[in-house]
Structure formats: C-alpha cells, structure tokens
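Trainee: File coords36.pdb follows (PDB, C-alpha atoms, pLDDT in the B column):
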```pdb
MODEL        1
ATOM      1  CA  MET A 955      11.744 -66.339 -32.421  1.00 39.00           C
ATOM      2  CA  THR A 956       9.940 -63.505 -34.137  1.00 38.00           C
ATOM      3  CA  ALA A 957       6.259 -64.118 -34.754  1.00 36.00           C
ATOM      4  CA  PRO A 958       5.326 -63.982 -38.430  1.00 38.00           C
ATOM      5  CA  ARG A 959       3.507 -60.884 -39.588  1.00 39.00           C
ATOM      6  CA  ASN A 960      -0.144 -61.299 -40.375  1.00 39.00           C
ATOM      7  CA  PRO A 961      -0.369 -60.769 -44.134  1.00 41.00           C
ATOM      8  CA  ASN A 962      -4.058 -59.922 -43.805  1.00 44.00           C
ATOM      9  CA  PRO A 963      -4.546 -57.763 -40.690  1.00 39.00           C
ATOM     10  CA  PRO A 964      -8.152 -57.137 -39.713  1.00 39.00           C
ATOM     11  CA  ALA A 965      -9.679 -54.033 -41.214  1.00 39.00           C
ATOM     12  CA  VAL A 966     -10.239 -51.068 -38.909  1.00 38.00           C
ATOM     13  CA  VAL A 967     -13.932 -50.279 -38.869  1.00 40.00           C
ATOM     14  CA  ASP A 968     -14.716 -46.581 -38.503  1.00 46.00           C
ATOM     15  CA  VAL A 969     -18.041 -46.567 -36.660  1.00 51.00           C
ATOM     16  CA  ASP A 970     -20.323 -43.634 -37.388  1.00 58.00           C
ATOM     17  CA  TYR A 971     -21.629 -43.296 -33.836  1.00 55.00           C
ATOM     18  CA  TYR A 972     -23.847 -40.365 -34.731  1.00 62.00           C
ATOM     19  CA  ASN A 973     -26.007 -42.409 -37.113  1.00 72.00           C
ATOM     20  CA  LEU A 974     -26.684 -45.254 -34.709  1.00 78.00           C
ATOM     21  CA  LYS A 975     -30.229 -45.818 -33.458  1.00 89.00           C
ATOM     22  CA  PRO A 976     -30.852 -43.505 -30.483  1.00 95.00           C
ATOM     23  CA  ILE A 977     -32.223 -44.853 -27.225  1.00 97.00           C
ATOM     24  CA  PHE A 978     -33.330 -42.086 -24.874  1.00 97.00           C
ATOM     25  CA  PHE A 979     -33.306 -42.974 -21.201  1.00 97.00           C
ATOM     26  CA  ASP A 980     -33.812 -41.380 -17.811  1.00 97.00           C
ATOM     27  CA  ILE A 981     -33.494 -42.771 -14.308  1.00 97.00           C
ATOM     28  CA  GLU A 982     -35.566 -41.740 -11.315  1.00 96.00           C
ATOM     29  CA  THR A 983     -34.328 -42.280  -7.784  1.00 96.00           C
ATOM     30  CA  GLU A 984     -35.617 -42.069  -4.237  1.00 94.00           C
ATOM     31  CA  ALA A 985     -34.081 -41.824  -0.807  1.00 92.00           C
ATOM     32  CA  LEU A 986     -33.530 -44.975   1.202  1.00 93.00           C
ATOM     33  CA  SER A 987     -35.916 -45.517   4.107  1.00 89.00           C
ATOM     34  CA  LEU A 988     -35.249 -43.644   7.343  1.00 83.00           C
ATOM     35  CA  LYS A 989     -34.244 -46.962   8.900  1.00 86.00           C
ATOM     36  CA  GLU A 990     -31.655 -47.517   6.170  1.00 87.00           C
ATOM     37  CA  LEU A 991     -30.480 -43.910   6.493  1.00 85.00           C
ATOM     38  CA  GLN A 992     -30.157 -44.099  10.260  1.00 81.00           C
ATOM     39  CA  ASP A 993     -26.352 -44.354  10.307  1.00 81.00           C
ATOM     40  CA  ASP A 994     -26.022 -41.409   7.900  1.00 78.00           C
ATOM     41  CA  LEU A 995     -28.809 -39.199   9.264  1.00 79.00           C
ATOM     42  CA  PRO A 996     -27.313 -36.075  10.888  1.00 82.00           C
ATOM     43  CA  ILE A 997     -28.532 -34.712  14.204  1.00 85.00           C
ATOM     44  CA  PHE A 998     -30.469 -31.585  13.325  1.00 86.00           C
ATOM     45  CA  GLU A 999     -30.589 -28.779  15.867  1.00 87.00           C
ATOM     46  CA  ALA A1000     -32.236 -25.375  15.798  1.00 87.00           C
ATOM     47  CA  PRO A1001     -30.179 -22.268  16.680  1.00 88.00           C
ATOM     48  CA  ALA A1002     -29.280 -22.267  20.376  1.00 86.00           C
ATOM     49  CA  THR A1003     -31.108 -18.971  20.932  1.00 90.00           C
ATOM     50  CA  TRP A1004     -34.472 -20.461  19.927  1.00 90.00           C
ATOM     51  CA  LYS A1005     -36.811 -21.264  22.829  1.00 87.00           C
ATOM     52  CA  ASP A1006     -40.198 -22.003  21.253  1.00 86.00           C
ATOM     53  CA  PRO A1007     -40.572 -25.831  21.112  1.00 86.00           C
ATOM     54  CA  THR A1008     -43.030 -25.638  18.210  1.00 90.00           C
ATOM     55  CA  LYS A1009     -40.664 -23.564  16.065  1.00 89.00           C
ATOM     56  CA  ILE A1010     -37.723 -25.790  17.023  1.00 88.00           C
ATOM     57  CA  ALA A1011     -39.646 -28.947  16.038  1.00 90.00           C
ATOM     58  CA  ALA A1012     -40.727 -27.381  12.729  1.00 93.00           C
ATOM     59  CA  TYR A1013     -37.140 -26.325  11.964  1.00 90.00           C
ATOM     60  CA  VAL A1014     -35.727 -29.779  12.716  1.00 88.00           C
ATOM     61  CA  GLU A1015     -38.417 -31.461  10.600  1.00 88.00           C
ATOM     62  CA  LYS A1016     -37.741 -29.080   7.699  1.00 89.00           C
ATOM     63  CA  LYS A1017     -34.015 -29.872   7.815  1.00 87.00           C
ATOM     64  CA  ARG A1018     -34.757 -33.594   7.966  1.00 83.00           C
ATOM     65  CA  GLN A1019     -37.035 -33.350   4.926  1.00 81.00           C
ATOM     66  CA  GLU A1020     -34.388 -31.389   2.997  1.00 83.00           C
ATOM     67  CA  TYR A1021     -31.811 -34.064   3.821  1.00 83.00           C
ATOM     68  CA  VAL A1022     -34.122 -36.871   2.685  1.00 80.00           C
ATOM     69  CA  GLU A1023     -34.857 -35.046  -0.579  1.00 79.00           C
ATOM     70  CA  LYS A1024     -31.140 -34.722  -1.317  1.00 87.00           C
ATOM     71  CA  ALA A1025     -30.505 -38.321  -0.212  1.00 91.00           C
ATOM     72  CA  ALA A1026     -32.136 -39.492  -3.447  1.00 92.00           C
ATOM     73  CA  LEU A1027     -29.304 -37.856  -5.396  1.00 93.00           C
ATOM     74  CA  SER A1028     -26.528 -40.044  -3.980  1.00 94.00           C
ATOM     75  CA  PRO A1029     -26.040 -43.785  -4.532  1.00 96.00           C
ATOM     76  CA  LEU A1030     -24.908 -43.936  -0.896  1.00 94.00           C
ATOM     77  CA  THR A1031     -28.273 -42.759   0.406  1.00 94.00           C
ATOM     78  CA  GLY A1032     -30.653 -43.370  -2.512  1.00 95.00           C
ATOM     79  CA  ARG A1033     -31.864 -46.155  -4.780  1.00 96.00           C
ATOM     80  CA  VAL A1034     -33.026 -46.545  -8.373  1.00 98.00           C
ATOM     81  CA  LEU A1035     -36.812 -46.288  -8.463  1.00 97.00           C
ATOM     82  CA  ALA A1036     -37.475 -46.532 -12.214  1.00 97.00           C
ATOM     83  CA  ILE A1037     -35.752 -46.245 -15.592  1.00 97.00           C
ATOM     84  CA  GLY A1038     -37.647 -44.974 -18.608  1.00 97.00           C
ATOM     85  CA  ILE A1039     -36.766 -45.809 -22.219  1.00 96.00           C
ATOM     86  CA  LEU A1040     -37.851 -44.178 -25.481  1.00 96.00           C
ATOM     87  CA  THR A1041     -36.697 -45.517 -28.844  1.00 94.00           C
ATOM     88  CA  GLU A1042     -38.146 -45.497 -32.339  1.00 88.00           C
ATOM     89  CA  GLY A1043     -41.430 -44.152 -31.029  1.00 79.00           C
ATOM     90  CA  GLU A1044     -41.847 -46.855 -28.385  1.00 89.00           C
ATOM     91  CA  LYS A1045     -41.796 -46.207 -24.637  1.00 93.00           C
ATOM     92  CA  GLY A1046     -40.946 -48.623 -21.879  1.00 94.00           C
ATOM     93  CA  ILE A1047     -40.110 -48.671 -18.212  1.00 96.00           C
ATOM     94  CA  PHE A1048     -38.036 -50.801 -15.873  1.00 97.00           C
ATOM     95  CA  GLU A1049     -39.702 -50.993 -12.461  1.00 96.00           C
ATOM     96  CA  GLY A1050     -40.043 -53.314  -9.484  1.00 96.00           C
ATOM     97  CA  SER A1051     -37.328 -54.106  -6.967  1.00 96.00           C
ATOM     98  CA  GLU A1052     -34.056 -52.274  -7.473  1.00 98.00           C
ATOM     99  CA  GLU A1053     -32.299 -55.578  -8.088  1.00 97.00           C
ATOM    100  CA  ASN A1054     -34.754 -56.437 -10.841  1.00 97.00           C
ATOM    101  CA  ILE A1055     -34.550 -52.968 -12.390  1.00 97.00           C
ATOM    102  CA  LEU A1056     -30.763 -53.051 -12.604  1.00 98.00           C
ATOM    103  CA  THR A1057     -30.554 -56.660 -13.789  1.00 97.00           C
ATOM    104  CA  GLU A1058     -33.095 -56.152 -16.568  1.00 97.00           C
ATOM    105  CA  PHE A1059     -31.704 -52.767 -17.575  1.00 97.00           C
ATOM    106  CA  TRP A1060     -28.170 -54.095 -17.970  1.00 96.00           C
ATOM    107  CA  ARG A1061     -29.514 -57.027 -19.975  1.00 95.00           C
ATOM    108  CA  TYR A1062     -31.291 -54.570 -22.268  1.00 95.00           C
ATOM    109  CA  PHE A1063     -28.164 -52.409 -22.481  1.00 95.00           C
ATOM    110  CA  LEU A1064     -26.003 -55.351 -23.518  1.00 93.00           C
ATOM    111  CA  HIS A1065     -28.522 -56.270 -26.195  1.00 92.00           C
ATOM    112  CA  ASN A1066     -28.418 -52.670 -27.491  1.00 92.00           C
ATOM    113  CA  SER A1067     -24.881 -51.640 -26.574  1.00 87.00           C
ATOM    114  CA  GLU A1068     -24.158 -50.373 -30.084  1.00 87.00           C
ATOM    115  CA  ALA A1069     -27.056 -47.919 -30.084  1.00 93.00           C
ATOM    116  CA  GLN A1070     -26.696 -44.247 -29.197  1.00 95.00           C
ATOM    117  CA  TRP A1071     -27.656 -43.960 -25.531  1.00 96.00           C
ATOM    118  CA  VAL A1072     -28.939 -40.444 -24.964  1.00 97.00           C
ATOM    119  CA  GLY A1073     -29.873 -38.736 -21.711  1.00 98.00           C
ATOM    120  CA  HIS A1074     -29.511 -35.449 -19.872  1.00 97.00           C
ATOM    121  CA  ASN A1075     -26.722 -35.140 -17.289  1.00 96.00           C
ATOM    122  CA  THR A1076     -26.162 -38.864 -17.669  1.00 96.00           C
ATOM    123  CA  HIS A1077     -22.374 -38.712 -17.526  1.00 95.00           C
ATOM    124  CA  SER A1078     -22.399 -37.013 -14.139  1.00 94.00           C
ATOM    125  CA  PHE A1079     -25.468 -38.656 -12.623  1.00 96.00           C
ATOM    126  CA  ASP A1080     -27.277 -41.527 -14.335  1.00 97.00           C
ATOM    127  CA  TRP A1081     -24.416 -43.811 -15.380  1.00 97.00           C
ATOM    128  CA  PRO A1082     -22.383 -43.400 -12.140  1.00 96.00           C
ATOM    129  CA  PHE A1083     -25.528 -43.917 -10.034  1.00 97.00           C
ATOM    130  CA  LEU A1084     -26.475 -47.092 -11.909  1.00 97.00           C
ATOM    131  CA  ILE A1085     -22.954 -48.514 -11.678  1.00 96.00           C
ATOM    132  CA  LYS A1086     -22.494 -47.751  -7.959  1.00 97.00           C
ATOM    133  CA  ARG A1087     -25.885 -49.155  -6.979  1.00 98.00           C
ATOM    134  CA  SER A1088     -25.017 -52.276  -8.990  1.00 97.00           C
ATOM    135  CA  TRP A1089     -21.796 -52.617  -6.999  1.00 96.00           C
ATOM    136  CA  LYS A1090     -23.779 -52.245  -3.792  1.00 96.00           C
ATOM    137  CA  LEU A1091     -26.200 -55.011  -4.803  1.00 97.00           C
ATOM    138  CA  ASN A1092     -23.491 -57.292  -6.254  1.00 97.00           C
ATOM    139  CA  ILE A1093     -24.897 -56.951  -9.765  1.00 97.00           C
ATOM    140  CA  THR A1094     -22.379 -56.949 -12.600  1.00 94.00           C
ATOM    141  CA  ALA A1095     -22.313 -53.683 -14.524  1.00 91.00           C
ATOM    142  CA  PRO A1096     -21.259 -54.471 -18.107  1.00 89.00           C
ATOM    143  CA  SER A1097     -18.268 -53.136 -19.934  1.00 82.00           C
ATOM    144  CA  GLY A1098     -18.970 -50.889 -22.881  1.00 78.00           C
ATOM    145  CA  ILE A1099     -19.716 -47.791 -20.843  1.00 90.00           C
ATOM    146  CA  ARG A1100     -16.262 -46.285 -20.459  1.00 85.00           C
ATOM    147  CA  ASP A1101     -13.185 -46.260 -22.629  1.00 83.00           C
ATOM    148  CA  GLY A1102     -10.518 -45.567 -20.032  1.00 83.00           C
ATOM    149  CA  ARG A1103     -11.496 -42.388 -18.204  1.00 82.00           C
ATOM    150  CA  TRP A1104     -13.958 -41.292 -20.896  1.00 87.00           C
ATOM    151  CA  PHE A1105     -17.446 -42.477 -21.712  1.00 90.00           C
ATOM    152  CA  LYS A1106     -17.841 -44.369 -24.970  1.00 91.00           C
ATOM    153  CA  LYS A1107     -18.664 -42.179 -27.968  1.00 91.00           C
ATOM    154  CA  ASN A1108     -22.106 -43.702 -28.397  1.00 92.00           C
ATOM    155  CA  LEU A1109     -23.141 -42.515 -24.919  1.00 95.00           C
ATOM    156  CA  ARG A1110     -24.455 -39.000 -25.434  1.00 95.00           C
ATOM    157  CA  ASP A1111     -25.231 -36.416 -22.760  1.00 96.00           C
ATOM    158  CA  THR A1112     -27.413 -33.502 -23.894  1.00 97.00           C
ATOM    159  CA  MET A1113     -26.205 -31.283 -21.075  1.00 96.00           C
ATOM    160  CA  GLU A1114     -22.597 -31.722 -22.162  1.00 94.00           C
ATOM    161  CA  MET A1115     -23.603 -31.287 -25.785  1.00 94.00           C
ATOM    162  CA  PHE A1116     -25.098 -27.896 -24.951  1.00 95.00           C
ATOM    163  CA  THR A1117     -22.474 -26.617 -22.504  1.00 93.00           C
ATOM    164  CA  GLY A1118     -19.517 -28.051 -24.386  1.00 88.00           C
ATOM    165  CA  GLY A1119     -18.423 -29.917 -21.269  1.00 70.00           C
ATOM    166  CA  GLY A1120     -17.084 -26.730 -19.667  1.00 73.00           C
ATOM    167  CA  TYR A1121     -16.114 -27.198 -16.033  1.00 73.00           C
ATOM    168  CA  GLY A1122     -18.968 -26.268 -13.707  1.00 76.00           C
ATOM    169  CA  GLU A1123     -21.342 -25.397 -16.555  1.00 86.00           C
ATOM    170  CA  ARG A1124     -24.786 -26.875 -16.047  1.00 91.00           C
ATOM    171  CA  ILE A1125     -28.293 -26.456 -17.397  1.00 95.00           C
ATOM    172  CA  SER A1126     -31.429 -28.317 -16.355  1.00 95.00           C
ATOM    173  CA  LEU A1127     -33.401 -30.349 -18.864  1.00 96.00           C
ATOM    174  CA  ASP A1128     -36.423 -28.141 -18.228  1.00 95.00           C
ATOM    175  CA  ARG A1129     -34.476 -24.936 -18.934  1.00 96.00           C
ATOM    176  CA  LEU A1130     -32.826 -26.364 -22.034  1.00 97.00           C
ATOM    177  CA  ALA A1131     -36.090 -27.717 -23.429  1.00 97.00           C
ATOM    178  CA  ARG A1132     -37.838 -24.387 -22.903  1.00 96.00           C
ATOM    179  CA  PHE A1133     -34.900 -22.547 -24.497  1.00 97.00           C
ATOM    180  CA  LEU A1134     -35.049 -24.751 -27.599  1.00 97.00           C
ATOM    181  CA  GLY A1135     -38.841 -24.869 -27.725  1.00 97.00           C
ATOM    182  CA  CYS A1136     -39.015 -28.591 -26.954  1.00 96.00           C
ATOM    183  CA  GLY A1137     -41.523 -28.598 -24.109  1.00 95.00           C
ATOM    184  CA  SER A1138     -41.224 -28.134 -20.354  1.00 94.00           C
ATOM    185  CA  LYS A1139     -41.854 -29.866 -17.035  1.00 90.00           C
ATOM    186  CA  GLY A1140     -44.875 -27.649 -16.456  1.00 84.00           C
ATOM    187  CA  GLY A1141     -43.668 -26.493 -13.069  1.00 75.00           C
ATOM    188  CA  GLN A1142     -43.099 -30.032 -11.756  1.00 77.00           C
ATOM    189  CA  SER A1143     -39.851 -31.109 -10.144  1.00 75.00           C
ATOM    190  CA  GLY A1144     -38.065 -34.426 -10.080  1.00 72.00           C
ATOM    191  CA  LYS A1145     -37.438 -34.133  -6.340  1.00 76.00           C
ATOM    192  CA  PHE A1146     -41.115 -34.987  -5.795  1.00 84.00           C
ATOM    193  CA  PHE A1147     -41.070 -37.962  -8.168  1.00 90.00           C
ATOM    194  CA  SER A1148     -40.893 -40.551  -5.396  1.00 91.00           C
ATOM    195  CA  GLU A1149     -43.997 -39.161  -3.704  1.00 90.00           C
ATOM    196  CA  LEU A1150     -45.797 -39.027  -7.041  1.00 92.00           C
ATOM    197  CA  TRP A1151     -44.703 -42.570  -7.893  1.00 94.00           C
ATOM    198  CA  HIS A1152     -46.158 -44.016  -4.713  1.00 94.00           C
ATOM    199  CA  ASN A1153     -49.369 -41.967  -4.743  1.00 95.00           C
ATOM    200  CA  ASP A1154     -50.236 -41.463  -8.417  1.00 96.00           C
ATOM    201  CA  HIS A1155     -48.392 -43.977 -10.545  1.00 94.00           C
ATOM    202  CA  LYS A1156     -50.060 -42.883 -13.772  1.00 94.00           C
ATOM    203  CA  ALA A1157     -49.025 -39.248 -13.231  1.00 94.00           C
ATOM    204  CA  ALA A1158     -45.483 -40.377 -12.397  1.00 95.00           C
ATOM    205  CA  LEU A1159     -45.265 -42.298 -15.683  1.00 95.00           C
ATOM    206  CA  GLU A1160     -46.523 -39.258 -17.586  1.00 95.00           C
ATOM    207  CA  TYR A1161     -43.841 -37.144 -15.902  1.00 95.00           C
ATOM    208  CA  LEU A1162     -41.110 -39.635 -16.778  1.00 96.00           C
ATOM    209  CA  TYR A1163     -42.247 -40.018 -20.382  1.00 96.00           C
ATOM    210  CA  ASN A1164     -42.406 -36.234 -20.740  1.00 96.00           C
ATOM    211  CA  ASP A1165     -38.767 -36.039 -19.639  1.00 96.00           C
ATOM    212  CA  LEU A1166     -37.889 -38.571 -22.327  1.00 97.00           C
ATOM    213  CA  GLU A1167     -39.756 -36.615 -24.992  1.00 96.00           C
ATOM    214  CA  MET A1168     -37.964 -33.417 -23.962  1.00 97.00           C
ATOM    215  CA  THR A1169     -34.626 -35.234 -24.106  1.00 97.00           C
ATOM    216  CA  ARG A1170     -35.413 -36.464 -27.603  1.00 97.00           C
ATOM    217  CA  GLY A1171     -36.486 -32.974 -28.647  1.00 97.00           C
ATOM    218  CA  VAL A1172     -33.357 -31.191 -27.461  1.00 97.00           C
ATOM    219  CA  PHE A1173     -31.101 -33.938 -28.833  1.00 97.00           C
ATOM    220  CA  GLU A1174     -32.646 -33.762 -32.290  1.00 96.00           C
ATOM    221  CA  ARG A1175     -32.528 -29.958 -32.252  1.00 96.00           C
ATOM    222  CA  MET A1176     -28.791 -29.984 -31.507  1.00 95.00           C
ATOM    223  CA  GLN A1177     -27.899 -32.456 -34.278  1.00 85.00           C
TER     224      GLN A1177
ENDMDL
END
```
Step by step, read the file and then write its structure as structure tokens.

Mentor:
Amino acid sequence: MTAPRNPNPPAVVDVDYYNLKPIFFDIETEALSLKELQDDLPIFEAPATWKDPTKIAAYVEKKRQEYVEKAALSPLTGRVLAIGILTEGEKGIFEGSEENILTEFWRYFLHNSEAQWVGHNTHSFDWPFLIKRSWKLNITAPSGIRDGRWFKKNLRDTMEMFTGGGYGERISLDRLARFLGCGSKGGQSGKFFSELWHNDHKAALEYLYNDLEMTRGVFERMQ
C-alpha cells in the first residue's frame, strides 16, 4: 500500500546563521600529571658523545619539559583546565574538576545550541579536544556539533574564516588580532597558562578574557 501524500508538508525554515547571537569561547588545557603520563613518557637521552653529567641532566630535563608542554595539546596526554565564555558583554568561566567543566559546558551548549559559537582554531582543536576528553570520562557529548563530516554552520572558526580553510594554512590568534588592530597577547603565551592558573589565578583569568575579547574583535572585523 502506498502511503498517502501529506497535503501540508512542513515548511523548510532557512536559518540565517550569521545573525544568531554570538557566543565567544576558548578552552585552556594542561598536561596530565607525570604519574598519569608515565606510560606515554619517552625515555630522553643526551647525545652519546656527551660526558658531562650536569649537561646531560640539563638536556634530559629540557626535553622532558618540552614534552610536558606539548602534552597539554593532545586529549591523550592533556585535560581541560578551564573554558571561558563571552556573550552580549557578559563573561563567564567553567572551572573545577574536568568532569564538572565538561558536564556544565555541554549543558550550557545544549541550552544555547542555536547561537553562533565562535572561537579561534576551534574546528581543529577546541571541539575535538572537548569531545575526546568527554569520551574518556564517559560524559555524553551532545549532537548538534557536526553535520556529517562538517561542523554545523553556526559553529564559526576565526582562523578558518581568515585563511579560507586552505590546507595547512594557519595563523595564531595573537598574530591575527595584531594584524586587524584588535589587541594582542602582550608577549604572553598559552603554553604557560597552566602555571599561571595555579600560581596567579587572577592573572590567568585576565589572560583568558583577553583572548575572548580578541576573538570577538577579529570576528566582528571580518563580518
């Protein structure tokens, strides 16, 4: 039997994604503890020709520090430390345990899933990091992020906006903001955020909120 045709099919709503309320966000990460990294920590060795124990120890320690710094950039060896939010002039932050951060952030995302979510390098870093850490911690990452292999149209990435999504093309938020006259990081680097967070929480918040303001500035300039 052929099903009857619906005489009144639902109307197709053409969403103007570019006029939705923007929510600017940025995640900060840190390396797992050395105990947690133990299984992944390489054995660092100085060149075989080196004989000075002091120089060898300094070399090995330098390599270990470099590894730990980079560990924060992978969901396999790093964790979410904080997520900053800026929308309609209001700033907020998700902090605490990683489980709490992710749970509360996804709850907020679901409540605002139809907003424009704007960040820098979010398609390559932020969203995948958040999703993979959620998998690790058995926290459900909501739908509404991808449409097949592509990110939903209301998820905007200022790096891709500027580079046009060309393969291998990248630009840092600091460089882009300075280029467009939208502020700068003032010589600070995100790789030291974890140290700042644990030693000077107020300065860490100022750094994070400055990143959000720069993201808003470059986004509005490119509209």

Trainee: Translate the PyMOL selection byres ((chain A and resi 978) around 9), as applied to the file shown, into an explicit residue set as a ChimeraX atom specification.

Mentor: /A:976-977,979-980,1038-1041,1070-1073,1166-1167,1169-1170

Trainee: Name the residues in contact with segment 988-995 of chain A at a cut-off of 10 Å, using all atoms listed in the file, excluding same-chain residues fewer than 4 positions from it; report them as a ChimeraX atom specification.

Mentor: /A:1018,1021-1022,1025,1030-1032

Trainee: What is the atom CA of Ala1036 of chain A-atom CA of Arg1110 of chain A distance in Å, reported with one decimal?

Mentor: 20.0 Å

Trainee: At a cut-off of 9 Å around the point (-42.0, -40.3, -9.7) (file coordinates), what residues fall inside when counting all atoms listed in the file? I'd like the answer as a list in words.

Mentor: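 Residues found, by chain and rising number: Glu982, Thr983, Glu984, Leu1035, Ala1036, Gly1144, Lys1145, Phe1146, Phe1147, Ser1148, Glu1149, Leu1150, Trp1151, His1152, Asp1154, His1155, Ala1157, Ala1158, Leu1159, Tyr1161 and Leu1162 of chain A.
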
Trainee: Near Met1168 of chain A, within 7 Å and counting only C-alpha atoms, which residues show up once chain neighbours fewer than 5 positions away are dropped, as a list in words?

Mentor: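 So the residues in contact are Ala1131, Cys1136 and Gly1137 of chain A.
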
Trainee: Mind telling me what the PyMOL selection byres ((chain A and resi 1124) around 12) catches here, as JSON, numbers by chain?

Mentor: {"A": [1074, 1075, 1078, 1111, 1112, 1113, 1114, 1115, 1116, 1117, 1118, 1119, 1120, 1121, 1122, 1123, 1125, 1126, 1127, 1128, 1129, 1130]}

Trainee: If you keep C-alpha atoms, can you produce a file of those selected residues as a PDB file, keeping the file's coordinate frame?

Mentor:
```pdb
ATOM      1  CA  HIS A1074     -29.511 -35.449 -19.872  1.00 97.00           C
ATOM      2  CA  ASN A1075     -26.722 -35.140 -17.289  1.00 96.00           C
ATOM      3  CA  SER A1078     -22.399 -37.013 -14.139  1.00 94.00           C
ATOM      4  CA  ASP A1111     -25.231 -36.416 -22.760  1.00 96.00           C
ATOM      5  CA  THR A1112     -27.413 -33.502 -23.894  1.00 97.00           C
ATOM      6  CA  MET A1113     -26.205 -31.283 -21.075  1.00 96.00           C
ATOM      7  CA  GLU A1114     -22.597 -31.722 -22.162  1.00 94.00           C
ATOM      8  CA  MET A1115     -23.603 -31.287 -25.785  1.00 94.00           C
ATOM      9  CA  PHE A1116     -25.098 -27.896 -24.951  1.00 95.00           C
ATOM     10  CA  THR A1117     -22.474 -26.617 -22.504  1.00 93.00           C
ATOM     11  CA  GLY A1118     -19.517 -28.051 -24.386  1.00 88.00           C
ATOM     12  CA  GLY A1119     -18.423 -29.917 -21.269  1.00 70.00           C
ATOM     13  CA  GLY A1120     -17.084 -26.730 -19.667  1.00 73.00           C
ATOM     14  CA  TYR A1121     -16.114 -27.198 -16.033  1.00 73.00           C
ATOM     15  CA  GLY A1122     -18.968 -26.268 -13.707  1.00 76.00           C
ATOM     16  CA  GLU A1123     -21.342 -25.397 -16.555  1.00 86.00           C
ATOM     17  CA  ILE A1125     -28.293 -26.456 -17.397  1.00 95.00           C
ATOM     18  CA  SER A1126     -31.429 -28.317 -16.355  1.00 95.00           C
ATOM     19  CA  LEU A1127     -33.401 -30.349 -18.864  1.00 96.00           C
ATOM     20  CA  ASP A1128     -36.423 -28.141 -18.228  1.00 95.00           C
ATOM     21  CA  ARG A1129     -34.476 -24.936 -18.934  1.00 96.00           C
ATOM     22  CA  LEU A1130     -32.826 -26.364 -22.034  1.00 97.00           C
TER      23      LEU A1130
END
```

Trainee: Tell me which of A:Ile1055, A:Leu1109, A:Ile981, A:Val1172 sits closest to Ser1067 of chain A, counting only C-alpha atoms.

Mentor: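 Closest to Ser1067 of chain A of all the choices is A:Leu1109.
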
Trainee: Kindly resolve the PyMOL selection byres ((chain A and resi 1057) around 12) on the present coordinates and return the residues as a list of chain:residue names.

Mentor: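 This file, filtered by the PyMOL selection byres ((chain A and resi 1057) around 12), leaves A:Val1034, A:Ile1037, A:Phe1048, A:Glu1049, A:Gly1050, A:Ser1051, A:Glu1052, A:Glu1053, A:Asn1054, A:Ile1055, A:Leu1056, A:Glu1058, A:Phe1059, A:Trp1060, A:Arg1061, A:Tyr1062, A:Phe1063, A:Leu1064, A:Leu1084, A:Ile1085, A:Arg1087, A:Ser1088, A:Trp1089, A:Leu1091, A:Asn1092, A:Ile1093, A:Thr1094, A:Ala1095, A:Pro1096.
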
Trainee: What does the distance from atom CA of Glu1068 of chain A to atom CA of Phe1105 of chain A come to in Å, to one decimal?

Mentor: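 Atom CA of Glu1068 of chain A sits 13.3 Å away from atom CA of Phe1105 of chain A.
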
Trainee: What is the atom CA of Lys1016 of chain A-atom CA of Ala1002 of chain A distance in Å, reported with one decimal?

Mentor: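 About the pair atom CA of Lys1016 of chain A and atom CA of Ala1002 of chain A: they are 16.7 Å apart.
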
Trainee: Between A:Phe1133, A:Leu986, A:Lys975, A:Glu1044, single out the one closest to Arg1175 of chain A, counting only C-alpha atoms.

Mentor: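 So, comparing all the options, the nearest one is A:Phe1133.
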
Trainee: Determine the nearest neighbour of Glu1174 of chain A from the options A:Pro1001, A:Gly1135, A:Gly1141, A:Pro1082, counting all atoms listed in the file.

Mentor: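 Answer, going by the shortest atom-to-atom distance: A:Gly1135.
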
Trainee: Near Ser1028 of chain A, within 9 Å and counting all atoms listed in the file, which residues show up once chain neighbours fewer than 4 positions away are dropped, as a PDB file with C-alpha atoms, in the frame of the given file?

Mentor:
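File produced: result00.pdb:
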```pdb
ATOM      1  CA  THR A 983     -34.328 -42.280  -7.784  1.00 96.00           C
ATOM      2  CA  ALA A 985     -34.081 -41.824  -0.807  1.00 92.00           C
ATOM      3  CA  LYS A1024     -31.140 -34.722  -1.317  1.00 87.00           C
ATOM      4  CA  GLY A1032     -30.653 -43.370  -2.512  1.00 95.00           C
ATOM      5  CA  ARG A1033     -31.864 -46.155  -4.780  1.00 96.00           C
ATOM      6  CA  PHE A1079     -25.468 -38.656 -12.623  1.00 96.00           C
ATOM      7  CA  PHE A1083     -25.528 -43.917 -10.034  1.00 97.00           C
TER       8      PHE A1083
END
```

Trainee: In terms of the shortest atom-to-atom distance over only C-alpha atoms, which of A:Glu1023, A:His1077, A:Gly1046, A:Ser1097 is closest to Ser987 of chain A?

Mentor: A:Glu1023
